[in-house]
2 protein chains.
Amino acid sequence: MSTALFTDRYELTMAAAALADGTAQRACVFEVFARRLPEGRRYGVVAGTARLLESIERFRFGEQELAMLDGVVDDDTLGWLAEYRFSGDIDGYPEGELYFPGSPILTVSGTFADAVLLETLALSILNHDSAVASAAARMVTAAAGRPIIEMGSRRTHEAAAVASARATYLAGFSTTSNLEAQRRHGIPTAGTAAHAWVLLHDDELSAFTSQVKALGSDTTLLVDTYDIRRGVERAVEAAGTGLGAIRIDSGDLGELARQAREQLDALGATGTKIVLSGDLDEYAIASLRAEPVDSYGVGTSVVTGSGAPTAGMVYKLVEVDGRPVAKRSESKESRGGRKSAVRRYKPTGTAIEEVVHPFSAPPELGPHDRVVPIPLVRDGEQVAGLPNLEQSREHLRSALVSVPWEGLKLSRGEPALPTVFEGV
Amino acid sequence: MSTALFTDRYELTMAAAALADGTAQRACVFEVFARRLPEGRRYGVVAGTARLLESIERFRFGEQELAMLDGVVDDDTLGWLAEYRFSGDIDGYPEGELYFPGSPILTVSGTFADAVLLETLALSILNHDSAVASAAARMVTAAAGRPIIEMGSRRTHEAAAVASARATYLAGFSTTSNLEAQRRHGIPTAGTAAHAWVLLHDDELSAFTSQVKALGSDTTLLVDTYDIRRGVERAVEAAGTGLGAIRIDSGDLGELARQAREQLDALGATGTKIVLSGDLDEYAIASLRAEPVDSYGVGTSVVTGSGAPTAGMVYKLVEVDGRPVAKRSESKESRGGRKSAVRRYKPTGTAIEEVVHPFSAPPELGPHDRVVPIPLVRDGEQVAGLPNLEQSREHLRSALVSVPWEGLKLSRGEPALPTVFEGV
């Protein structure tokens, strides 16, 4: 399916006007960055880059798209669009990379007409996926090694749900409930059962017995439809002491987990795990750290970015024919010129600062420093050997280890690394 | 494209287990409702129903979907899924209807296996679209008749952007920037120009002149790239006093609008309109009511539901073989039994209360009262003559007129109508 109409009308009318006045062919550089992190957040996580590159490959104007644009732009532009494919270069932070205010997350170089068309698509994907991954990474930190199942599909747009599952997996969640995410992105799926399953049956015991018969004793039984204490009792009665797990979805989760653990152990089900769900966010997860929990199910909070449902990145023209350009009126001022970034590290591996510099004037690299952006597209073609999802997941894991310890705190604070603008 | 995998894994494993133990054929009723409105909101707006019905028609398991589910469910279930199409009944609040805590927004009746599969799809669509429409309706009220352009595509998932454009139009926005929304849903599109357009050119005047030449003097010129006062001057110089509109996207919008109006009038451009944009939400729009603004461009706030990015609706089993069922543990208690709702009105047309009652025991209807849900699907087929988007838009407009005046206040408060549970 073409992605060409996931675009704002003004990009096409600007391209049309630029084709008419000859500026369409000017060499331009657009930059994606976030002016600030969401209130109190200490880092952001880049996500969506691979989805974006794949979507750019499908950014073509076929008959259907051109028919719809008849009347929006003139015939010359329609002819130009019919031949359009992005033929410029893209550099950017790899997926799973941390970003900070002003980090040049994506740099799109090409003619004005080539590059302006990608604005909305690039921002939609990066803003959504990064918002979800940034929230998810905090939850993974809070869970301190306990696995998290993503189960938020029902709380977000049906297609956003698939991208959310991918972004949370990138951030370290272990599985998702979303089947399309398994098909499209290979994310492992998991699932338990709903209250409807218990209510469907004549009694709780027959619901559990039937689930165990169909899905094996390794399944997860949902024990809070009626009375949790009796639910746990019946769960072990139905599955035996080899029961995989129980899930508790409501109530005072910490207290209930403690009681359930004691009860399970007393019944001999010492290996049966406890899954908690029900409006969990990073703070709730952190508060359960001392409890006998084995894994978490997280829905609403992660797919809505836990209070920051969009990453707030912008796509700004920074260079025209080699000349830096920038908006200059009172507010929302920007820094012109193509930029790149270096992250500086202590010899111990702890990151110190994010240096944003003119692309043409890189600072000297210390022995532990690292250039952050990587080449993504050259002459319209994806660079070979880009990191896959598992590699991006590992990249984020190590990037988080490199952050100074205060940077991983859930409380509100300053960015974990200061952004130093050198010469820009 | 099939929508069948926009589903949580547990719905399929529950269907499989129910096929195995014979409960799959039990007659079930599932109900979609919201336990509460987002904090302080006075009403919600139902949106997404038409998208849901269309998506249910495409909810089929083809070869690709079945291949992916091999290993998730057993062969018998795969065979059953291959033949699956929803064959039950659906009733619900029409799009554009107001809802309140406990309103039975959607009622799905069918066998357990038939109906359980639709849970995630129904909730994804209704939760997303209703969250956006509910926020948008407040902005329309705040704008008090001035048109609003939806321009938030870049701040949400690329497919959610299309649904958001539709939901905001339903709620009374006049246009969207999203081209796919025009193609797919017939929403009128509009657009201005970006700062990139001005920066691309050697100076502001040539950018404006060129835009006017390509798009006509009826276009909207963005005047805040450099100095707004000089921007307005050049805009009129480029387009003449017949210039369509100017847009201001940053700074103290009220003050700038007043200055620009004076300046435009002094230059003789008395018919030139003023479009304001830049982080507007319902409160900012309301605060601009006294200013000389002609229309608003709204992005981030509306596509993220202005603080409530999901409507929080749930899909609960309420009846099995004619017997009411409900979760009964301490928290998240539900009311069992199939329900319907009547809205009571004063003779003046002002709504008084939302009466939620057992489906089988409707209350007496007063001369001004109204049954809220309508039949949507019978035996798997969409009912003929369902309201189209324009009719739903008009429905919401009249529904809002019927709300007691305090119910339209933007400040936090109680629901505009109390929900009265009669006999449930």
# chains A, B, ... in the order shown; residues from 1 in each chain; ligands from 1

$ calpha_fit_and_write --fixed "chain B" --moving "chain A" --output "compact mmCIF listing (two decimals) with C-alpha atoms, in the first residue's frame"
# COMPACT_ATOMS: atom_id res chain seq x y z
CA MET A 1 -6.82 -6.03 4.01
CA SER A 2 -7.91 -8.38 6.78
CA THR A 3 -8.40 -6.84 10.23
CA ALA A 4 -8.47 -10.23 11.96
CA LEU A 5 -5.06 -9.94 13.60
CA PHE A 6 -5.78 -6.56 15.23
CA THR A 7 -6.58 -8.83 18.12
CA ASP A 8 -5.11 -9.95 21.39
CA ARG A 9 -3.80 -13.47 21.49
CA TYR A 10 -5.98 -14.45 24.44
CA GLU A 11 -9.20 -13.97 22.48
CA LEU A 12 -8.12 -16.69 20.08
CA THR A 13 -6.93 -19.05 22.79
CA MET A 14 -10.20 -18.51 24.69
CA ALA A 15 -12.15 -19.24 21.51
CA ALA A 16 -10.06 -22.39 21.02
CA ALA A 17 -10.67 -23.58 24.57
CA ALA A 18 -14.40 -22.79 24.25
CA LEU A 19 -14.61 -24.76 21.00
CA ALA A 20 -12.99 -27.66 22.83
CA ASP A 21 -15.31 -27.64 25.85
CA GLY A 22 -18.56 -26.80 24.05
CA THR A 23 -19.13 -23.36 25.59
CA ALA A 24 -18.24 -21.66 22.30
CA GLN A 25 -21.88 -21.90 21.22
CA ARG A 26 -23.39 -20.31 24.34
CA ALA A 27 -25.46 -17.22 23.55
CA CYS A 28 -23.56 -14.25 24.90
CA VAL A 29 -23.99 -10.50 25.17
CA PHE A 30 -20.92 -8.26 25.47
CA GLU A 31 -21.27 -4.60 26.34
CA VAL A 32 -18.93 -1.67 25.69
CA PHE A 33 -19.10 1.12 28.26
CA ALA A 34 -16.88 3.59 30.13
CA ARG A 35 -16.81 3.30 33.91
CA ARG A 36 -16.09 7.02 34.12
CA LEU A 37 -15.31 10.00 31.93
CA PRO A 38 -11.75 11.36 31.85
CA GLU A 39 -11.05 13.42 35.00
CA GLY A 40 -13.33 16.44 35.12
CA ARG A 41 -14.90 15.97 31.68
CA ARG A 42 -18.64 16.55 31.43
CA TYR A 43 -19.49 14.34 28.47
CA GLY A 44 -17.95 11.97 25.97
CA VAL A 45 -18.63 11.78 22.21
CA VAL A 46 -19.08 8.39 20.54
CA ALA A 47 -16.95 8.10 17.40
CA GLY A 48 -15.59 5.24 15.31
CA THR A 49 -18.75 3.15 14.98
CA ALA A 50 -18.81 3.31 11.18
CA ARG A 51 -15.10 2.47 11.04
CA LEU A 52 -15.75 -0.46 13.36
CA LEU A 53 -18.60 -1.86 11.27
CA GLU A 54 -16.50 -1.59 8.13
CA SER A 55 -13.57 -3.28 9.91
CA ILE A 56 -15.78 -6.13 11.10
CA GLU A 57 -16.68 -6.84 7.48
CA ARG A 58 -12.96 -7.35 6.81
CA PHE A 59 -12.48 -9.47 9.94
CA ARG A 60 -11.72 -12.71 8.08
CA PHE A 61 -8.93 -15.21 8.47
CA GLY A 62 -7.24 -15.79 5.13
CA GLU A 63 -4.26 -17.97 4.36
CA GLN A 64 -1.75 -15.46 5.71
CA GLU A 65 -3.58 -15.03 8.99
CA LEU A 66 -4.10 -18.75 9.45
CA ALA A 67 -0.45 -19.48 8.74
CA MET A 68 0.55 -17.05 11.45
CA LEU A 69 -1.89 -18.65 13.93
CA ASP A 70 -0.56 -22.14 13.34
CA GLY A 71 0.98 -22.89 16.72
CA VAL A 72 -1.15 -20.33 18.57
CA VAL A 73 -4.32 -22.43 18.32
CA ASP A 74 -5.07 -26.07 17.39
CA ASP A 75 -6.10 -27.36 13.96
CA ASP A 76 -9.80 -27.58 14.78
CA THR A 77 -9.78 -23.93 15.71
CA LEU A 78 -7.86 -23.02 12.55
CA GLY A 79 -10.59 -24.76 10.56
CA TRP A 80 -13.26 -22.84 12.43
CA LEU A 81 -11.45 -19.53 11.91
CA ALA A 82 -11.17 -20.16 8.18
CA GLU A 83 -14.98 -20.05 8.04
CA TYR A 84 -15.39 -17.26 10.56
CA ARG A 85 -17.50 -14.24 9.89
CA PHE A 86 -19.39 -12.42 12.58
CA SER A 87 -23.00 -13.54 12.34
CA GLY A 88 -24.58 -11.97 15.42
CA ASP A 89 -26.29 -8.65 16.20
CA ILE A 90 -24.86 -5.30 17.23
CA ASP A 91 -26.71 -2.35 18.72
CA GLY A 92 -25.16 0.86 19.89
CA TYR A 93 -25.07 4.58 20.36
CA PRO A 94 -24.90 6.22 16.94
CA GLU A 95 -21.74 8.16 16.09
CA GLY A 96 -21.94 11.71 17.30
CA GLU A 97 -24.02 10.69 20.34
CA LEU A 98 -23.01 11.89 23.79
CA TYR A 99 -22.20 9.27 26.38
CA PHE A 100 -21.85 9.25 30.14
CA PRO A 101 -20.46 6.82 32.76
CA GLY A 102 -22.16 3.46 32.29
CA SER A 103 -23.88 4.30 28.98
CA PRO A 104 -24.21 1.03 26.97
CA ILE A 105 -22.29 2.37 23.99
CA LEU A 106 -22.15 -0.92 22.06
CA THR A 107 -23.94 -4.24 22.63
CA VAL A 108 -22.63 -7.29 20.77
CA SER A 109 -24.85 -10.38 20.81
CA GLY A 110 -23.81 -13.73 19.41
CA THR A 111 -22.17 -16.99 20.38
CA PHE A 112 -19.25 -16.67 22.75
CA ALA A 113 -16.71 -17.58 20.09
CA ASP A 114 -18.28 -15.21 17.56
CA ALA A 115 -18.38 -12.23 19.87
CA VAL A 116 -15.23 -12.64 21.96
CA LEU A 117 -13.02 -12.23 18.88
CA LEU A 118 -14.17 -8.65 18.32
CA GLU A 119 -13.10 -7.30 21.72
CA THR A 120 -9.79 -5.70 20.83
CA LEU A 121 -10.83 -4.34 17.45
CA ALA A 122 -13.98 -2.76 18.89
CA LEU A 123 -12.16 -1.18 21.80
CA SER A 124 -9.19 0.05 19.74
CA ILE A 125 -11.43 1.89 17.32
CA LEU A 126 -13.98 3.25 19.79
CA ASN A 127 -11.43 4.23 22.43
CA HIS A 128 -9.24 6.08 19.96
CA ASP A 129 -11.84 7.81 17.86
CA SER A 130 -14.04 8.75 20.84
CA ALA A 131 -11.09 10.21 22.76
CA VAL A 132 -10.25 12.47 19.82
CA ALA A 133 -13.87 13.44 19.09
CA SER A 134 -14.52 14.19 22.77
CA ALA A 135 -11.58 16.59 22.91
CA ALA A 136 -12.46 18.09 19.53
CA ALA A 137 -16.05 18.84 20.56
CA ARG A 138 -14.81 20.96 23.48
CA MET A 139 -12.59 22.92 21.09
CA VAL A 140 -15.50 23.50 18.72
CA THR A 141 -17.54 24.85 21.64
CA ALA A 142 -14.63 27.08 22.67
CA ALA A 143 -14.23 28.38 19.11
CA ALA A 144 -17.84 29.60 19.20
CA GLY A 145 -18.48 29.32 15.49
CA ARG A 146 -15.01 30.11 14.16
CA PRO A 147 -13.74 27.29 11.93
CA ILE A 148 -10.95 24.97 13.08
CA ILE A 149 -8.47 23.21 10.79
CA GLU A 150 -7.15 19.88 12.14
CA MET A 151 -3.39 19.71 11.55
CA GLY A 152 -2.15 17.13 14.03
CA SER A 153 -1.13 14.28 11.73
CA ARG A 154 2.55 14.72 12.55
CA ARG A 155 1.93 14.20 16.25
CA THR A 156 0.28 10.79 16.09
CA HIS A 157 0.71 7.42 14.37
CA GLU A 158 0.30 7.78 10.59
CA ALA A 159 -2.89 5.69 10.45
CA ALA A 160 -4.28 7.12 13.69
CA ALA A 161 -3.87 10.52 12.00
CA VAL A 162 -6.43 9.57 9.35
CA ALA A 163 -8.93 8.39 11.96
CA SER A 164 -8.25 11.54 14.01
CA ALA A 165 -9.05 13.75 11.04
CA ARG A 166 -12.34 11.92 10.66
CA ALA A 167 -13.18 12.15 14.38
CA THR A 168 -12.46 15.88 14.53
CA TYR A 169 -14.60 16.53 11.47
CA LEU A 170 -17.40 14.55 13.09
CA ALA A 171 -17.00 16.80 16.12
CA GLY A 172 -17.35 19.96 14.05
CA PHE A 173 -13.87 20.87 12.81
CA SER A 174 -14.17 22.34 9.34
CA THR A 175 -11.20 20.81 7.53
CA THR A 176 -8.06 18.70 7.97
CA SER A 177 -4.55 18.87 6.58
CA ASN A 178 -4.50 15.07 6.11
CA LEU A 179 -4.75 13.98 2.47
CA GLU A 180 -5.54 10.32 3.19
CA ALA A 181 -8.55 11.48 5.24
CA GLN A 182 -9.86 13.21 2.15
CA ARG A 183 -9.31 10.12 0.02
CA ARG A 184 -10.69 7.61 2.48
CA HIS A 185 -13.43 9.56 4.26
CA GLY A 186 -14.14 12.55 2.03
CA ILE A 187 -13.07 15.08 4.68
CA PRO A 188 -12.30 18.47 3.06
CA THR A 189 -8.59 19.34 3.26
CA ALA A 190 -6.93 22.72 3.75
CA GLY A 191 -3.41 23.97 4.10
CA THR A 192 -1.23 27.03 4.31
CA ALA A 193 2.58 26.94 4.09
CA ALA A 194 5.46 26.09 6.41
CA HIS A 195 8.36 28.20 7.63
CA ALA A 196 10.47 26.06 5.30
CA TRP A 197 8.73 27.73 2.36
CA VAL A 198 9.92 31.16 3.43
CA LEU A 199 13.39 29.95 4.39
CA LEU A 200 13.81 28.23 1.03
CA HIS A 201 13.63 31.56 -0.78
CA ASP A 202 16.16 34.37 -0.91
CA ASP A 203 13.80 36.66 1.00
CA GLU A 204 10.29 36.71 2.45
CA LEU A 205 8.82 38.84 -0.31
CA SER A 206 9.89 36.49 -3.07
CA ALA A 207 8.51 33.52 -1.11
CA PHE A 208 5.14 35.28 -0.76
CA THR A 209 5.08 36.48 -4.38
CA SER A 210 5.84 32.99 -5.61
CA GLN A 211 3.17 31.39 -3.39
CA VAL A 212 0.55 33.88 -4.58
CA LYS A 213 1.53 33.26 -8.19
CA ALA A 214 1.20 29.48 -7.80
CA LEU A 215 -1.80 29.29 -5.47
CA GLY A 216 -3.70 32.55 -6.07
CA SER A 217 -4.19 35.58 -3.82
CA ASP A 218 -6.79 33.64 -1.87
CA THR A 219 -3.93 31.66 -0.25
CA THR A 220 -2.77 31.89 3.38
CA LEU A 221 0.68 33.42 3.92
CA LEU A 222 2.69 32.47 7.01
CA VAL A 223 4.03 35.77 8.37
CA ASP A 224 6.04 34.86 11.49
CA THR A 225 9.30 33.52 10.09
CA TYR A 226 11.22 36.74 10.72
CA ASP A 227 9.49 39.91 11.96
CA ILE A 228 5.70 39.66 11.99
CA ARG A 229 5.05 43.35 11.33
CA ARG A 230 7.25 43.30 8.24
CA GLY A 231 5.77 39.91 7.31
CA VAL A 232 2.27 41.38 7.20
CA GLU A 233 3.51 44.33 5.16
CA ARG A 234 5.18 42.03 2.61
CA ALA A 235 2.17 39.73 2.50
CA VAL A 236 -0.07 42.60 1.37
CA GLU A 237 2.66 43.84 -0.96
CA ALA A 238 2.83 40.39 -2.59
CA ALA A 239 -0.88 39.59 -2.79
CA GLY A 240 -2.60 42.98 -2.72
CA THR A 241 -5.48 43.88 -0.44
CA GLY A 242 -7.41 40.86 -1.71
CA LEU A 243 -5.08 38.47 0.19
CA GLY A 244 -7.03 35.49 1.57
CA ALA A 245 -5.40 35.12 4.97
CA ILE A 246 -2.27 35.34 7.06
CA ARG A 247 -1.19 32.74 9.60
CA ILE A 248 0.64 33.39 12.87
CA ASP A 249 2.13 30.27 14.47
CA SER A 250 4.11 31.52 17.49
CA GLY A 251 4.33 34.22 20.13
CA ASP A 252 1.55 35.87 22.15
CA LEU A 253 -1.19 34.99 19.69
CA GLY A 254 -3.90 37.29 21.07
CA GLU A 255 -1.70 40.36 21.09
CA LEU A 256 -0.24 39.54 17.68
CA ALA A 257 -3.69 39.01 16.18
CA ARG A 258 -4.83 42.44 17.40
CA GLN A 259 -1.76 44.14 15.97
CA ALA A 260 -2.04 42.26 12.69
CA ARG A 261 -5.74 43.13 12.36
CA GLU A 262 -5.01 46.82 12.86
CA GLN A 263 -2.15 46.70 10.41
CA LEU A 264 -4.11 44.79 7.77
CA ASP A 265 -7.02 47.21 8.07
CA ALA A 266 -4.69 50.20 7.82
CA LEU A 267 -3.19 48.69 4.66
CA GLY A 268 -6.68 48.31 3.22
CA ALA A 269 -6.72 44.50 3.51
CA THR A 270 -9.90 44.58 5.55
CA GLY A 271 -11.13 41.28 4.16
CA THR A 272 -7.88 39.37 4.84
CA LYS A 273 -8.44 36.75 7.50
CA ILE A 274 -6.22 35.81 10.43
CA VAL A 275 -5.46 32.15 11.14
CA LEU A 276 -3.82 31.30 14.47
CA SER A 277 -1.95 28.08 15.27
CA GLY A 278 0.77 26.89 17.63
CA ASP A 279 0.00 24.60 20.57
CA LEU A 280 -3.66 25.58 20.76
CA ASP A 281 -6.03 23.58 22.94
CA GLU A 282 -9.60 24.28 24.10
CA TYR A 283 -8.43 26.62 26.85
CA ALA A 284 -6.18 28.65 24.56
CA ILE A 285 -8.98 28.85 22.00
CA ALA A 286 -11.42 30.08 24.65
CA SER A 287 -8.95 32.71 25.83
CA LEU A 288 -8.76 34.08 22.27
CA ARG A 289 -12.50 34.55 21.98
CA ALA A 290 -12.37 38.35 22.23
CA GLU A 291 -9.55 38.68 19.69
CA PRO A 292 -9.88 39.35 15.96
CA VAL A 293 -9.26 35.75 14.93
CA ASP A 294 -10.97 34.15 11.93
CA SER A 295 -9.92 30.55 12.30
CA TYR A 296 -7.71 28.21 14.31
CA GLY A 297 -5.28 25.47 13.37
CA VAL A 298 -5.12 22.75 16.02
CA GLY A 299 -2.67 19.86 16.09
CA THR A 300 -1.07 18.07 19.02
CA SER A 301 -3.76 18.71 21.59
CA VAL A 302 -6.65 17.28 19.61
CA VAL A 303 -4.97 14.12 18.25
CA THR A 304 -3.81 13.27 21.78
CA GLY A 305 -7.29 13.81 23.24
CA SER A 306 -6.19 16.95 25.12
CA GLY A 307 -4.91 15.07 28.15
CA ALA A 308 -7.14 12.01 27.69
CA PRO A 309 -5.63 10.04 24.78
CA THR A 310 -7.92 7.04 25.26
CA ALA A 311 -11.57 6.91 26.21
CA GLY A 312 -11.12 4.03 28.68
CA MET A 313 -14.04 1.98 27.38
CA VAL A 314 -14.19 -1.73 28.27
CA TYR A 315 -15.82 -4.75 26.59
CA LYS A 316 -17.53 -6.90 29.19
CA LEU A 317 -19.48 -10.12 29.05
CA VAL A 318 -22.83 -9.29 30.69
CA GLU A 319 -25.10 -12.21 29.74
CA VAL A 320 -24.70 -15.95 29.04
CA ASP A 321 -27.69 -17.99 27.80
CA GLY A 322 -30.03 -15.27 29.09
CA ARG A 323 -28.45 -15.22 32.58
CA PRO A 324 -26.80 -11.95 33.78
CA VAL A 325 -23.11 -12.34 34.69
CA ALA A 326 -20.64 -9.92 36.28
CA LYS A 327 -17.24 -9.81 37.92
CA ARG A 328 -17.79 -9.69 41.66
CA SER A 329 -14.45 -9.21 43.40
CA GLU A 330 -13.71 -6.05 45.41
CA SER A 331 -12.80 -3.55 42.73
CA LYS A 332 -13.85 -2.85 39.14
CA GLU A 333 -17.29 -4.29 39.86
CA SER A 334 -19.65 -4.43 36.89
CA ARG A 335 -23.41 -4.59 36.42
CA GLY A 336 -24.59 -7.79 34.74
CA GLY A 337 -27.35 -8.26 32.20
CA ARG A 338 -28.02 -6.79 28.78
CA LYS A 339 -28.91 -3.11 29.07
CA SER A 340 -30.30 -0.28 27.01
CA ALA A 341 -30.66 3.45 27.68
CA VAL A 342 -33.24 6.20 27.48
CA ARG A 343 -32.38 9.88 27.57
CA ARG A 344 -34.99 12.02 29.30
CA TYR A 345 -35.67 15.59 28.18
CA LYS A 346 -37.60 18.60 29.44
CA PRO A 347 -40.32 19.92 27.13
CA THR A 348 -37.83 22.71 26.25
CA GLY A 349 -35.52 20.11 24.71
CA THR A 350 -32.93 20.23 27.49
CA ALA A 351 -31.69 16.79 28.48
CA ILE A 352 -32.22 15.79 32.11
CA GLU A 353 -30.74 12.34 32.67
CA GLU A 354 -29.44 9.14 31.12
CA VAL A 355 -31.51 6.16 32.28
CA VAL A 356 -29.69 2.82 31.94
CA HIS A 357 -32.11 -0.09 32.31
CA PRO A 358 -32.35 -3.85 31.68
CA PHE A 359 -32.95 -4.42 27.99
CA SER A 360 -36.00 -6.52 28.82
CA ALA A 361 -37.55 -3.91 31.14
CA PRO A 362 -37.64 -0.54 29.40
CA PRO A 363 -39.01 2.38 31.42
CA GLU A 364 -42.02 4.30 30.26
CA LEU A 365 -41.05 6.95 27.70
CA GLY A 366 -42.20 10.51 28.36
CA PRO A 367 -43.32 12.55 25.32
CA HIS A 368 -39.85 14.11 24.91
CA ASP A 369 -37.73 11.07 25.86
CA ARG A 370 -35.65 9.08 23.44
CA VAL A 371 -34.21 5.56 23.21
CA VAL A 372 -30.48 6.12 22.63
CA PRO A 373 -29.06 2.92 21.03
CA ILE A 374 -29.95 2.02 17.46
CA PRO A 375 -29.68 -1.34 15.63
CA LEU A 376 -26.36 -1.52 13.75
CA VAL A 377 -25.93 -5.15 12.65
CA ARG A 378 -28.46 -7.97 12.26
CA ASP A 379 -27.32 -11.55 11.58
CA GLY A 380 -23.90 -10.25 10.67
CA GLU A 381 -25.16 -7.72 8.12
CA GLN A 382 -25.05 -3.95 8.57
CA VAL A 383 -28.52 -2.50 8.96
CA ALA A 384 -29.50 -0.37 5.97
CA GLY A 385 -29.65 3.41 6.19
CA LEU A 386 -27.23 3.96 9.07
CA PRO A 387 -26.29 7.62 9.56
CA ASN A 388 -23.46 8.83 7.35
CA LEU A 389 -20.66 11.11 8.54
CA GLU A 390 -22.51 14.36 7.78
CA GLN A 391 -25.60 13.12 9.62
CA SER A 392 -23.50 12.07 12.62
CA ARG A 393 -21.89 15.51 12.63
CA GLU A 394 -25.32 17.12 12.70
CA HIS A 395 -26.45 14.66 15.39
CA LEU A 396 -23.64 15.80 17.68
CA ARG A 397 -24.36 19.44 16.97
CA SER A 398 -27.97 19.03 18.15
CA ALA A 399 -27.00 16.76 21.06
CA LEU A 400 -24.68 19.48 22.38
CA VAL A 401 -27.45 22.05 22.12
CA SER A 402 -29.60 19.82 24.36
CA VAL A 403 -27.05 19.69 27.18
CA PRO A 404 -27.71 21.90 30.24
CA TRP A 405 -25.48 24.95 29.89
CA GLU A 406 -23.09 24.01 32.73
CA GLY A 407 -22.38 20.82 30.79
CA LEU A 408 -20.58 22.78 28.10
CA LYS A 409 -18.19 24.51 30.50
CA LEU A 410 -14.52 23.69 29.92
CA SER A 411 -13.73 23.67 33.63
CA ARG A 412 -13.60 20.40 35.52
CA GLY A 413 -16.89 19.18 36.86
CA GLU A 414 -19.46 16.43 37.10
CA PRO A 415 -20.98 14.74 34.02
CA ALA A 416 -23.49 17.03 32.27
CA LEU A 417 -26.22 14.42 32.79
CA PRO A 418 -26.44 12.00 35.71
CA THR A 419 -26.63 8.32 34.82
CA VAL A 420 -29.57 6.73 36.60
CA PHE A 421 -29.41 2.92 36.82
CA GLU A 422 -33.01 1.66 36.94
CA GLY A 423 -33.31 -1.98 37.87
CA VAL A 424 -29.72 -2.92 37.00

$ select_by_dssp --residues "range 58-263 of chain B" --states "alpha helix (DSSP H)" --output "number ranges by chain"
B: 63-69, 75-82, 112-116, 119-143, 158-170, 179-185, 195-200, 204-215, 228-239, 253-263

$ select_by_dssp --residues "range 280-424 of chain B" --states "strand (DSSP E)" --output "ChimeraX atom specification"
/B:295-298,313-320,323-324,339-345,351-358,370-371,374-378,381-382,419-421
